[in-house]
Amino acid sequence: MDRAQFLGSAVVGVALVLLALPASGQSFRVQCPAGTQLHPAIIANDPAVPPANYAKYSKVTQWGRTDGLLNPTPAMANPHIKCQQLSGGDGYATMADGTQMYLFAFGPLSGLADIVKGAPATETAAVFNQNNLDGSGAALDVVQVGAPYPGYSFNGAIGLVPDVEVNAGSGPAGAPLDGHVDPRLVMDVGVMNGNQPAPLIVIDEGDELFLTLTNVGMIMRPDLFEQHTVHFHGYPNASAFYDGVPDASVAINIGGSFTYYYLAPEAGTYMWHCHISPPEHLQMGMVGQLYVRPRQNSVVGNLHSALAALQTDPATKCSGTDMLCSTQVPPVDNGVQANGRNYAYDDGDGSTAYDVEYPIQMMGFDPNFHFVGMTFNPESFTDTKDKYFLLNGRSYPDTVGGHECSGADDPVAACNPVAGALPAGAVVAGPMSTQASDGTAHFSQPMPTVVNIPVGGKALLRFSDLNVTEYHTLASLGIPMHVIGYNARLLRDQDGNNTDYYTNSISLGGGESVDVILDASPHDSLGAPLYPVGSKFYLYTPQLDHLSNDAENFGGMMTEVNICNSVDPTTKQCS
Amino acid sequence: MRFPHFPLGSAVCSLSLAFGLVAAPPVEAAAPGITAATLSGSTSTFNLSAAPSYTTQPDGMSIYSWGYGCTANSAASFAPAGINANAAGAKCPTMQVPGPTLIVNQGDTVTVTLTNNLPAAAGNTSILFPGFNVTASGGANGLLTKEAQVGGTVTYTFVANSVGTHAYYSGTQGDVQVEMGLYGAIIVLPTLSGGLPTGYSAWHLAQGANQPDTCTALNKKPARASNPAQPETDYRLAAAAYDNPGACYDREYLFQLSEVDPAIHQQVEAQKDQACTSSTGCMVVKTQPYHPVYYVVNGRSMPDDMDPNYVSTYPHQPYNGNPHMHPGELTLLRIIGQGHLQHPLHEHANHVRLLARDGNLLLTQSGDSKLAGPLLFTTTTTPGQAMDGIFQFTAKGLNWDVYGHGVKNGQRVDSANCYPDANGYYTTASSTPAATTADNYYEWCGDHLKPLESKPFGQVGEGGPVTLPDANIVVNGTWYGGSPYLGPDATTRAVGPTPIPPAGTVGNDPGSEAGYAYMWHSHNEREITTNNIFPGGMMMMMLVDPWVYPINEAN
């Protein structure tokens, strides 16, 4: 704790310096309206507001409004408005051989309770807009150095506090949560909270995403005045302004926040990363995953009819001269009805249905580059040679482990399977933390990559690759890979016929993504599952030199596939 | 100096970029090349040389290289028409990297006579034309084809029956000779009946009444060519890349991706003057382990690749990589892997519809001639493989008006209209047809008048979802005009009477152009460096220029 307090005072020092900068407005802030023109707030959703008062509220959030209306409360938020806050800074991760690896990295500053479980940190406005202060005006206990940790419970935006300047005289009780943040709280949590990979972003087609990047600085590299950005890699019809390329838009200084705004594009597996000096910031770890779920997930009834109905709206049609869509209506209605499953794309034929999904990011780290990156010297790009080959920021065996259970009280789901709590010391697939240079354990790697498939079911593997030096191949031993999407687009020709294919390996370069279904549904000639409960298969790289953890000659890019009785689609736990 | 840590938009980088762009004010591009020295009937004859010279890199390095060129130090004619009209003039030196782009017609009998002007120590040389059935004559027998001996010639003849983009390169000691620069492209233009692909009329009709013609000419959209104030000339090599309605396009660019390992070039240079009579040369060159430090597009690294074609600065690297387009235009990308390595070329802003690989059009099984190639946001290049794809940018679906139309304080800030056509765009097919000179031609009408900013600075629509940041907490990029909007009018309105500093940009003048800039680059990110210095290497800035700004592809 002494070390943690030491860090805390250092952080405050940095914060004070930041506050001393000339600023005509607040530098750190978040944006997450409860209602917009496209997605109006639902006033009746706030039970605290009696119907007689509905007329006092606007359905659209506008700070500083002069029309006499009240802004919608967080409880009124439209569920299609999604918000997320990220730190841009640095941190440490643990490699499978125990090496502590310095990162330039993004960390979570919202959705912390979700991300420590390996879930997306993208929240609705109602969840995001939570006061960081308790009734007495003190900061919540959970907003602290080292957050999050297993069992963490707060998903709101870190730092969000009532803006007392807006409602002067009324005190915190009457002041709105208008995006004003307390920089001390942001710095407490945000400094050195970098994750590998960066926080997962998941949205649905039609959602509005307000993604706030808060640059907390890299405390291990005080010589740098690095800006950061977010590039939505693969977004169709991206706007240059929100594309994150510093040359073509803006880059965010230390001590500042910037909110990226996008309407969710067509469904698919995208990725995101910083675009400042990409050879350096990507290799150092500023890479993350992003995917968009299709409208078809909410369809009731015939899938073909639902896709055909989208053709009447130019915004969603896929025909005519548009060369850039891949969800043409299949020529024949195969009669498939929505059955509560999820789909990778708006396929209209159910061909992309799955039971459980796994985002898997491929990456490589060169320990020499990272070591030099922690010093004050320029790194060599041409001599970069990766020595760690990562799935979701970990290599084997951490891909199937990473967390040591503390006993029955351990909040990590894998420590408490249906059969009963695992004993203390048991290693399970769970979140990893890494002790940073402040002596404090910081949450570092949220996601194991154990692929659990319910018997007879299907798993969607959303592969993305952000390696900056070489291509990766990953093979499936056992269950064939059914490739249904590529670069965030359904594999389908302009006649509406699928061009999917089966293979046992996929190869990706940096900046490519592929959607693969591991289909455990086939049966043998006697009707028994071809892949019975208890089967274990492997995903591994046939690039043999990638099956290593630096000097350890076993490990690398490899993980397990398990066939289970059932799999919880949220926790991904096998039972 | 901690150079690699500067973002590209910072002051240090701006200086280096400014130097290149100030020297070359016009925008330029196209896919220039040479056509036959003698074009008689359906015969195309080229006289090429393989010769040594020096190429340059933006870090100041001068690199001894070999390249193909025109033996006559010029070509009889250049394509596209109009590429000659530029100030610098199209050129075909005796040595260039990549070699001259050979432009021929489908069905032509192509004859290439190669003269070996390499130093004697290099030995024989040759050309392979993968994808064509080549007959070689003259010269000496080699392993893969007949070869030209030092000072001698060899002749290759084939029928250009594979339409599209193809590579050509040395078939002799490839690990040395191709690395030294002996590679180039051949483009085979399709035979189009009446200038249009087969079935175009029916295909076009099926798009809906009055839908914009996607094939006839560049000026089918706003008639820029007929607007004397804003002339735009058609720089396409053909109306379509293939005899297929889906292969029609408005502009085209050719990107040949390769690498340079200076250690190989230095070994060759050190041995170039030794006496030699052997057909396999007398050099001992260690080519492995391969350790490139330059990653080039069309023989140039960023920022040199964004300078004009044929600019005198790079006498032996005539081709650039500088794509421009207007919203809605169909842009043909011809991409070839010419080096040792795969490169994941990432196109910011949209997907590329893959048309063909190595001249093989990817079509549906039904025989209806529709496209079946995948949509890619990263087009991996593989050594020796060529691909053709179509790129288009429309800004559809952002949920805000990219031209900054809207309402502020109850007043319209702009009088522009947007009437959707069947696909939702403002075109000549709209219910109230767009004037062909409309500045917001091809606007996505679904977002017309939708504000971006809650309380905007300047004169653009208000009431939108976001508040833009204090200008103090961000750094503006070289290609960023100070506003999120497209077009000089919108940008001027958005930044107000006193522009937010810094408003002047090098690549994207908010007063006249104010386009959207996107980085097209290798996503093996270490390849966007020049000899360990970022930025550089395999990187280009693609500009979506507003329709009001004319794109002049003439060098």
# chains A, B, ... in the order shown; residues from 1 in each chain; ligands from 1
$ interface_residues --of "chain A" --to "chain B" --cutoff "6 Å" --atoms "only C-alpha atoms" --output "PyMOL selection string"
chain A and resi 234+236-238+240-241+246-253+256+263+276-279+314+320+380-382+468-469+487+493-494+509-512
$ closest_residue --among "A:Asp398, A:Glu357, A:Asp346, A:Asp243" --to "Thr327 (chain A)" --atoms "only C-alpha atoms"
A:Asp346
$ select_by_dssp --residues "region 349-513 of chain B" --states "strand (DSSP E)" --output "list in words"
Val352, Arg353, Leu354, Leu355, Ala356, Arg357, Asn360, Leu361, Leu375, Leu376, Thr378, Thr379, Thr380, Thr381, Ala386, Met387, Asp388, Gly389, Ile390, Phe391, Val407, Lys408, Gln411, Arg412, Val474, Val475 and Asn476 of chain B
$ select_by_dssp --residues "region 338-569 of chain A" --states "alpha helix (DSSP H)" --output "PyMOL selection string"
chain A and resi 367-373
$ write_last_selection --atoms "N, CA and C atoms" --output "PDB file, in the first residue's frame"
ATOM      1  N   PRO A 367      10.844  -8.248 -27.812  1.00  0.00           N
ATOM      2  CA  PRO A 367      11.249  -7.762 -26.483  1.00  0.00           C
ATOM      3  C   PRO A 367      12.356  -6.714 -26.552  1.00  0.00           C
ATOM      4  N   ASN A 368      13.202  -6.804 -27.578  1.00  0.00           N
ATOM      5  CA  ASN A 368      14.266  -5.800 -27.686  1.00  0.00           C
ATOM      6  C   ASN A 368      13.682  -4.428 -27.987  1.00  0.00           C
ATOM      7  N   PHE A 369      12.687  -4.417 -28.898  1.00  0.00           N
ATOM      8  CA  PHE A 369      12.024  -3.165 -29.248  1.00  0.00           C
ATOM      9  C   PHE A 369      11.362  -2.557 -28.005  1.00  0.00           C
ATOM     10  N   HIS A 370      10.679  -3.416 -27.231  1.00  0.00           N
ATOM     11  CA  HIS A 370       9.986  -2.919 -26.047  1.00  0.00           C
ATOM     12  C   HIS A 370      10.967  -2.435 -24.982  1.00  0.00           C
ATOM     13  N   PHE A 371      12.090  -3.110 -24.911  1.00  0.00           N
ATOM     14  CA  PHE A 371      13.095  -2.659 -23.939  1.00  0.00           C
ATOM     15  C   PHE A 371      13.625  -1.288 -24.338  1.00  0.00           C
ATOM     16  N   VAL A 372      13.982  -1.168 -25.606  1.00  0.00           N
ATOM     17  CA  VAL A 372      14.477   0.136 -26.063  1.00  0.00           C
ATOM     18  C   VAL A 372      13.380   1.184 -25.922  1.00  0.00           C
ATOM     19  N   GLY A 373      12.112   0.742 -26.145  1.00  0.00           N
ATOM     20  CA  GLY A 373      10.987   1.662 -26.030  1.00  0.00           C
ATOM     21  C   GLY A 373      10.799   2.188 -24.624  1.00  0.00           C
TER      22      GLY A 373
END
$ residues_around --residues "region 137-144 of chain A" --least-positions-apart "5" --cutoff "9 Å" --atoms "only C-alpha atoms" --output "PDB file with C-alpha atoms, in the first residue's frame"
ATOM      1  CA  GLY A   8      -0.997   8.280  -5.934  1.00  0.00           C
ATOM      2  CA  ASN A 131     -21.573   9.700 -10.612  1.00  0.00           C
ATOM      3  CA  ASN A 132     -18.102   8.850  -9.270  1.00  0.00           C
ATOM      4  CA  TYR A 152     -14.779  -5.225  -9.664  1.00  0.00           C
ATOM      5  CA  SER A 153     -18.317  -3.898  -9.884  1.00  0.00           C
ATOM      6  CA  PHE A 154     -18.333  -0.365 -11.357  1.00  0.00           C
ATOM      7  CA  ILE A 158     -14.083   6.935 -14.548  1.00  0.00           C
ATOM      8  CA  GLY A 159     -13.856  10.516 -13.341  1.00  0.00           C
ATOM      9  CA  VAL A 161     -18.617  13.952 -11.396  1.00  0.00           C
ATOM     10  CA  PRO A 172     -23.439  18.659  -6.244  1.00  0.00           C
ATOM     11  CA  LEU A 185      -9.811  10.331 -10.495  1.00  0.00           C
ATOM     12  CA  VAL A 186      -8.956   9.866 -14.153  1.00  0.00           C
ATOM     13  CA  ASP A 188      -5.588   7.599 -10.390  1.00  0.00           C
ATOM     14  CA  VAL A 189      -7.117   4.894 -12.524  1.00  0.00           C
TER      15      VAL A 189
END
$ residues_around --residues "region 197-211 of chain A" --least-positions-apart "5" --cutoff "7 Å" --atoms "only C-alpha atoms" --output "PyMOL selection string"
chain A and resi 31-32+80-85+105-108+120-122+259-267+286-295+392-393+445
$ residues_around --residues "Gln459 (chain B)" --least-positions-apart "6" --cutoff "8 Å" --atoms "only C-alpha atoms" --output "ChimeraX atom specification"
/B:408,413,493-496
$ residues_around --residues "region 236-239 of chain B" --least-positions-apart "4" --cutoff "8 Å" --atoms "only C-alpha atoms" --output "list in words"
Ala30, Ala31, Ala79, Pro80, Leu189, Pro190, Gly195, Leu196, Cys215, Thr216, Ala217, Cys248, Tyr249, Asp250, Arg251 and Glu252 of chain B
$ residues_around --residues "Tyr501 (chain A)" --least-positions-apart "6" --cutoff "8 Å" --atoms "only C-alpha atoms" --output "JSON, numbers by chain"
{"A": [482, 483, 484]}
$ closest_residue --among "B:Asn440, B:Asn244, B:Ser77, B:Asn116" --to "Pro100 (chain B)" --atoms "only C-alpha atoms"
B:Ser77
